[in-house]
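Here is the structure we will look at, set down as structure tokens.
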Amino acid sequence: MLIRDVMTIYPVYINIRSTIHRAGEIISIAEVSDLMVVDDEKTFVGVLSEGDMLRAVLPNFDEVIEAGGTLADAFAFFVRKGRDLARRPIAPLVITDPITMKPSDEAATAATIMTEKQIRRLPVVEDGRLVGTVSRADICRAVIFYGG
């Protein structure tokens, strides 16, 4: 079974020049944990994960509490920091050398990589262009469909 047989052909993506606020909107609306990132010519640039976005705005809770603050203080700081970072570009947070797959790769290879590296979704790239994504759920669906 090849990646082209199981991949999602309409990936959720964002332009590299977008803001953190816009990325948060897309992640919330699309209910995905990461975004594929492209440039103005739709060339694949990298991946932006919600985890990387959260780490960029999360305060160090231990430091806040050690300084005499409370969890409520830490959360208020988190909200302020998020508001301050909202208009900043996503570019510094983008993973620019992610593992990618080609449509002609074996789905089993993708499944192995995702399991070993604890990755939920991989970009599918051909000739530098984002042509889709393959997720653990895509592979599970294919196994059930083809195997059942």
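Following the order of the structure tokens, first chain is A, next is B, and so on, with residues numbered from 1 inside each chain and ligands from 1 in the order they appear.
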
At a cut-off of 10 Å, can you tabulate as JSON lines every residue of region 92-141 of chain A near region 31-40 of chain A together with its closest atom pair and the distance in Å to one decimal, using only C-alpha atoms and ordering rows by chain then number?
{"residue": "A:Val94", "atom": "CA", "partner": "A:Val37", "partner_atom": "CA", "distance": 7.7}
{"residue": "A:Ile95", "atom": "CA", "partner": "A:Val37", "partner_atom": "CA", "distance": 9.1}
{"residue": "A:Thr96", "atom": "CA", "partner": "A:Val37", "partner_atom": "CA", "distance": 9.0}
{"residue": "A:Arg120", "atom": "CA", "partner": "A:Ser33", "partner_atom": "CA", "distance": 8.2}
{"residue": "A:Arg121", "atom": "CA", "partner": "A:Asp34", "partner_atom": "CA", "distance": 7.9}
{"residue": "A:Leu122", "atom": "CA", "partner": "A:Met36", "partner_atom": "CA", "distance": 9.0}
{"residue": "A:Pro123", "atom": "CA", "partner": "A:Met36", "partner_atom": "CA", "distance": 6.9}
{"residue": "A:Val124", "atom": "CA", "partner": "A:Met36", "partner_atom": "CA", "distance": 9.8}
{"residue": "A:Gly128", "atom": "CA", "partner": "A:Val38", "partner_atom": "CA", "distance": 10.0}
{"residue": "A:Arg129", "atom": "CA", "partner": "A:Val38", "partner_atom": "CA", "distance": 8.4}
{"residue": "A:Leu130", "atom": "CA", "partner": "A:Val38", "partner_atom": "CA", "distance": 7.7}
{"residue": "A:Gly132", "atom": "CA", "partner": "A:Met36", "partner_atom": "CA", "distance": 9.2}
{"residue": "A:Thr133", "atom": "CA", "partner": "A:Met36", "partner_atom": "CA", "distance": 8.5}

Could you pull out the residues in chain A that DSSP calls strand (DSSP E) from the backbone, as a PyMOL selection string? chain A and resi 13-15+34-38+44-49+121-126+129-135

Serialized selection, C-alpha atoms, as a PDB file, in the first residue's frame:
ATOM      1  CA  TYR A  13      -1.646  24.675   5.418  1.00  0.00           C
ATOM      2  CA  ILE A  14      -0.551  28.216   6.165  1.00  0.00           C
ATOM      3  CA  ASN A  15       1.674  30.746   4.421  1.00  0.00           C
ATOM      4  CA  ASP A  34      -0.005  20.972  13.172  1.00  0.00           C
ATOM      5  CA  LEU A  35       0.005  23.006   9.995  1.00  0.00           C
ATOM      6  CA  MET A  36       1.915  22.459   6.806  1.00  0.00           C
ATOM      7  CA  VAL A  37       3.753  25.654   5.835  1.00  0.00           C
ATOM      8  CA  VAL A  38       4.151  26.889   2.261  1.00  0.00           C
ATOM      9  CA  PHE A  44       6.624  23.349   0.918  1.00  0.00           C
ATOM     10  CA  VAL A  45       8.623  25.133   3.624  1.00  0.00           C
ATOM     11  CA  GLY A  46       8.047  23.118   6.793  1.00  0.00           C
ATOM     12  CA  VAL A  47       5.685  22.277   9.634  1.00  0.00           C
ATOM     13  CA  LEU A  48       4.276  24.384  12.453  1.00  0.00           C
ATOM     14  CA  SER A  49       3.108  22.352  15.443  1.00  0.00           C
ATOM     15  CA  ARG A 121       1.061  13.527  10.647  1.00  0.00           C
ATOM     16  CA  LEU A 122       3.716  13.711   7.934  1.00  0.00           C
ATOM     17  CA  PRO A 123       3.805  16.040   4.946  1.00  0.00           C
ATOM     18  CA  VAL A 124       3.659  14.402   1.530  1.00  0.00           C
ATOM     19  CA  VAL A 125       5.882  16.347  -0.845  1.00  0.00           C
ATOM     20  CA  GLU A 126       6.610  15.862  -4.537  1.00  0.00           C
ATOM     21  CA  ARG A 129       5.292  20.950  -3.573  1.00  0.00           C
ATOM     22  CA  LEU A 130       2.971  19.938  -0.769  1.00  0.00           C
ATOM     23  CA  VAL A 131       0.582  17.392  -2.293  1.00  0.00           C
ATOM     24  CA  GLY A 132      -0.981  16.059   0.890  1.00  0.00           C
ATOM     25  CA  THR A 133      -0.416  14.675   4.335  1.00  0.00           C
ATOM     26  CA  VAL A 134      -0.528  11.198   5.809  1.00  0.00           C
ATOM     27  CA  SER A 135      -1.617  10.663   9.385  1.00  0.00           C
TER      28      SER A 135
END

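Minimum atom-to-atom distances from A:Met1, A:Val6, A:Ile20, A:Ile26 to Ala137 (chain A) were compared using only C-alpha atoms, and the lowest value belongs to A:Val6.
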
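For the choices A:Arg55, A:Lys102, A:Arg17, A:Arg4, the atom-to-atom distance to Pro89 (chain A) is smallest for A:Arg17 when using only C-alpha atoms.
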
Nearest to Thr100 (chain A) among A:Glu41, A:Glu66, A:Ala72, A:Ile3, with distances taken over only C-alpha atoms: which residue is it? A:Ile3

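Atom pair CA of Ile27 (chain A) / CA of Asp73 (chain A) has a distance of 26.2 Å (rounded to one decimal).
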
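If you look at CA of Ala107 (chain A) and CA of Leu2 (chain A), they are 5.0 Å away from each other.
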
Residue with the minimum atom-to-atom distance to Ile16 (chain A), picked from A:Val79, A:Ile99, A:Ile113, A:Ala91 with only C-alpha atoms counted, is A:Ala91

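Going from CA of Asp127 (chain A) to CA of Gly51 (chain A) covers 28.1 Å.
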
Identify all residues of region 37-113 of chain A in alpha helix (DSSP H) (DSSP on the backbone) and supply them as a ChimeraX atom specification. /A:50-57,61-66,71-85,107-113

Deliver the residues from the most recent selection as a file, using N, CA and C atoms, as an mmCIF file, in the first residue's frame.
data_model
loop_
_atom_site.group_PDB
_atom_site.id
_atom_site.type_symbol
_atom_site.label_atom_id
_atom_site.label_comp_id
_atom_site.auth_asym_id
_atom_site.auth_seq_id
_atom_site.Cartn_x
_atom_site.Cartn_y
_atom_site.Cartn_z
ATOM 1 N N GLU A 50 1.327 22.787 17.009
ATOM 2 C CA GLU A 50 0.690 23.517 18.103
ATOM 3 C C GLU A 50 1.559 23.445 19.351
ATOM 4 N N GLY A 51 2.299 22.362 19.508
ATOM 5 C CA GLY A 51 3.205 22.235 20.653
ATOM 6 C C GLY A 51 4.278 23.308 20.639
ATOM 7 N N ASP A 52 4.853 23.574 19.464
ATOM 8 C CA ASP A 52 5.873 24.624 19.361
ATOM 9 C C ASP A 52 5.268 25.999 19.631
ATOM 10 N N MET A 53 4.033 26.201 19.176
ATOM 11 C CA MET A 53 3.362 27.474 19.441
ATOM 12 C C MET A 53 3.115 27.654 20.939
ATOM 13 N N LEU A 54 2.644 26.604 21.592
ATOM 14 C CA LEU A 54 2.395 26.685 23.037
ATOM 15 C C LEU A 54 3.680 26.930 23.814
ATOM 16 N N ARG A 55 4.749 26.222 23.443
ATOM 17 C CA ARG A 55 6.026 26.419 24.141
ATOM 18 C C ARG A 55 6.522 27.851 23.999
ATOM 19 N N ALA A 56 6.199 28.495 22.882
ATOM 20 C CA ALA A 56 6.635 29.880 22.669
ATOM 21 C C ALA A 56 5.951 30.855 23.621
ATOM 22 N N VAL A 57 4.745 30.522 24.071
ATOM 23 C CA VAL A 57 4.011 31.455 24.933
ATOM 24 C C VAL A 57 3.874 30.991 26.378
ATOM 25 N N PHE A 61 6.093 27.790 34.780
ATOM 26 C CA PHE A 61 5.234 27.823 35.968
ATOM 27 C C PHE A 61 6.034 27.712 37.261
ATOM 28 N N ASP A 62 7.080 26.898 37.251
ATOM 29 C CA ASP A 62 7.891 26.734 38.456
ATOM 30 C C ASP A 62 8.530 28.058 38.868
ATOM 31 N N GLU A 63 9.045 28.805 37.885
ATOM 32 C CA GLU A 63 9.665 30.088 38.192
ATOM 33 C C GLU A 63 8.657 31.075 38.766
ATOM 34 N N VAL A 64 7.450 31.097 38.218
ATOM 35 C CA VAL A 64 6.409 32.010 38.714
ATOM 36 C C VAL A 64 6.070 31.675 40.162
ATOM 37 N N ILE A 65 5.904 30.400 40.458
ATOM 38 C CA ILE A 65 5.534 29.981 41.812
ATOM 39 C C ILE A 65 6.684 30.220 42.783
ATOM 40 N N GLU A 66 7.935 29.938 42.364
ATOM 41 C CA GLU A 66 9.096 30.179 43.227
ATOM 42 C C GLU A 66 9.245 31.662 43.552
ATOM 43 N N LEU A 71 -0.647 29.838 40.450
ATOM 44 C CA LEU A 71 -0.977 29.313 39.116
ATOM 45 C C LEU A 71 -1.850 30.308 38.359
ATOM 46 N N ALA A 72 -2.700 31.031 39.071
ATOM 47 C CA ALA A 72 -3.528 32.059 38.426
ATOM 48 C C ALA A 72 -2.645 33.155 37.844
ATOM 49 N N ASP A 73 -1.586 33.533 38.572
ATOM 50 C CA ASP A 73 -0.641 34.530 38.056
ATOM 51 C C ASP A 73 0.053 34.001 36.792
ATOM 52 N N ALA A 74 0.440 32.734 36.836
ATOM 53 C CA ALA A 74 1.112 32.124 35.685
ATOM 54 C C ALA A 74 0.178 32.092 34.482
ATOM 55 N N PHE A 75 -1.102 31.769 34.713
ATOM 56 C CA PHE A 75 -2.051 31.733 33.606
ATOM 57 C C PHE A 75 -2.277 33.132 33.040
ATOM 58 N N ALA A 76 -2.381 34.128 33.905
ATOM 59 C CA ALA A 76 -2.548 35.518 33.449
ATOM 60 C C ALA A 76 -1.344 35.943 32.613
ATOM 61 N N PHE A 77 -0.140 35.528 33.029
ATOM 62 C CA PHE A 77 1.067 35.833 32.268
ATOM 63 C C PHE A 77 1.016 35.148 30.899
ATOM 64 N N PHE A 78 0.553 33.898 30.881
ATOM 65 C CA PHE A 78 0.404 33.128 29.650
ATOM 66 C C PHE A 78 -0.515 33.855 28.667
ATOM 67 N N VAL A 79 -1.640 34.344 29.162
ATOM 68 C CA VAL A 79 -2.596 35.066 28.313
ATOM 69 C C VAL A 79 -1.971 36.358 27.782
ATOM 70 N N ARG A 80 -1.296 37.105 28.646
ATOM 71 C CA ARG A 80 -0.639 38.355 28.206
ATOM 72 C C ARG A 80 0.438 38.068 27.159
ATOM 73 N N LYS A 81 1.247 37.069 27.423
ATOM 74 C CA LYS A 81 2.330 36.731 26.494
ATOM 75 C C LYS A 81 1.757 36.284 25.155
ATOM 76 N N GLY A 82 0.681 35.498 25.195
ATOM 77 C CA GLY A 82 0.027 35.073 23.961
ATOM 78 C C GLY A 82 -0.490 36.254 23.168
ATOM 79 N N ARG A 83 -1.075 37.212 23.864
ATOM 80 C CA ARG A 83 -1.588 38.415 23.210
ATOM 81 C C ARG A 83 -0.430 39.209 22.583
ATOM 82 N N ASP A 84 0.690 39.290 23.310
ATOM 83 C CA ASP A 84 1.857 40.028 22.808
ATOM 84 C C ASP A 84 2.474 39.361 21.580
ATOM 85 N N LEU A 85 2.452 38.034 21.550
ATOM 86 C CA LEU A 85 3.066 37.302 20.440
ATOM 87 C C LEU A 85 2.136 37.106 19.247
ATOM 88 N N ALA A 107 3.202 3.006 2.669
ATOM 89 C CA ALA A 107 2.465 3.461 3.854
ATOM 90 C C ALA A 107 3.051 2.838 5.123
ATOM 91 N N ALA A 108 3.550 1.630 5.023
ATOM 92 C CA ALA A 108 4.152 0.964 6.187
ATOM 93 C C ALA A 108 5.376 1.727 6.683
ATOM 94 N N THR A 109 6.113 2.327 5.758
ATOM 95 C CA THR A 109 7.273 3.138 6.144
ATOM 96 C C THR A 109 6.818 4.345 6.955
ATOM 97 N N ALA A 110 5.784 5.007 6.476
ATOM 98 C CA ALA A 110 5.248 6.163 7.201
ATOM 99 C C ALA A 110 4.746 5.749 8.578
ATOM 100 N N ALA A 111 4.046 4.629 8.648
ATOM 101 C CA ALA A 111 3.524 4.146 9.926
ATOM 102 C C ALA A 111 4.660 3.876 10.914
ATOM 103 N N THR A 112 5.721 3.289 10.426
ATOM 104 C CA THR A 112 6.881 2.997 11.278
ATOM 105 C C THR A 112 7.518 4.285 11.782
ATOM 106 N N ILE A 113 7.717 5.235 10.887
ATOM 107 C CA ILE A 113 8.318 6.515 11.274
ATOM 108 C C ILE A 113 7.446 7.233 12.305
#
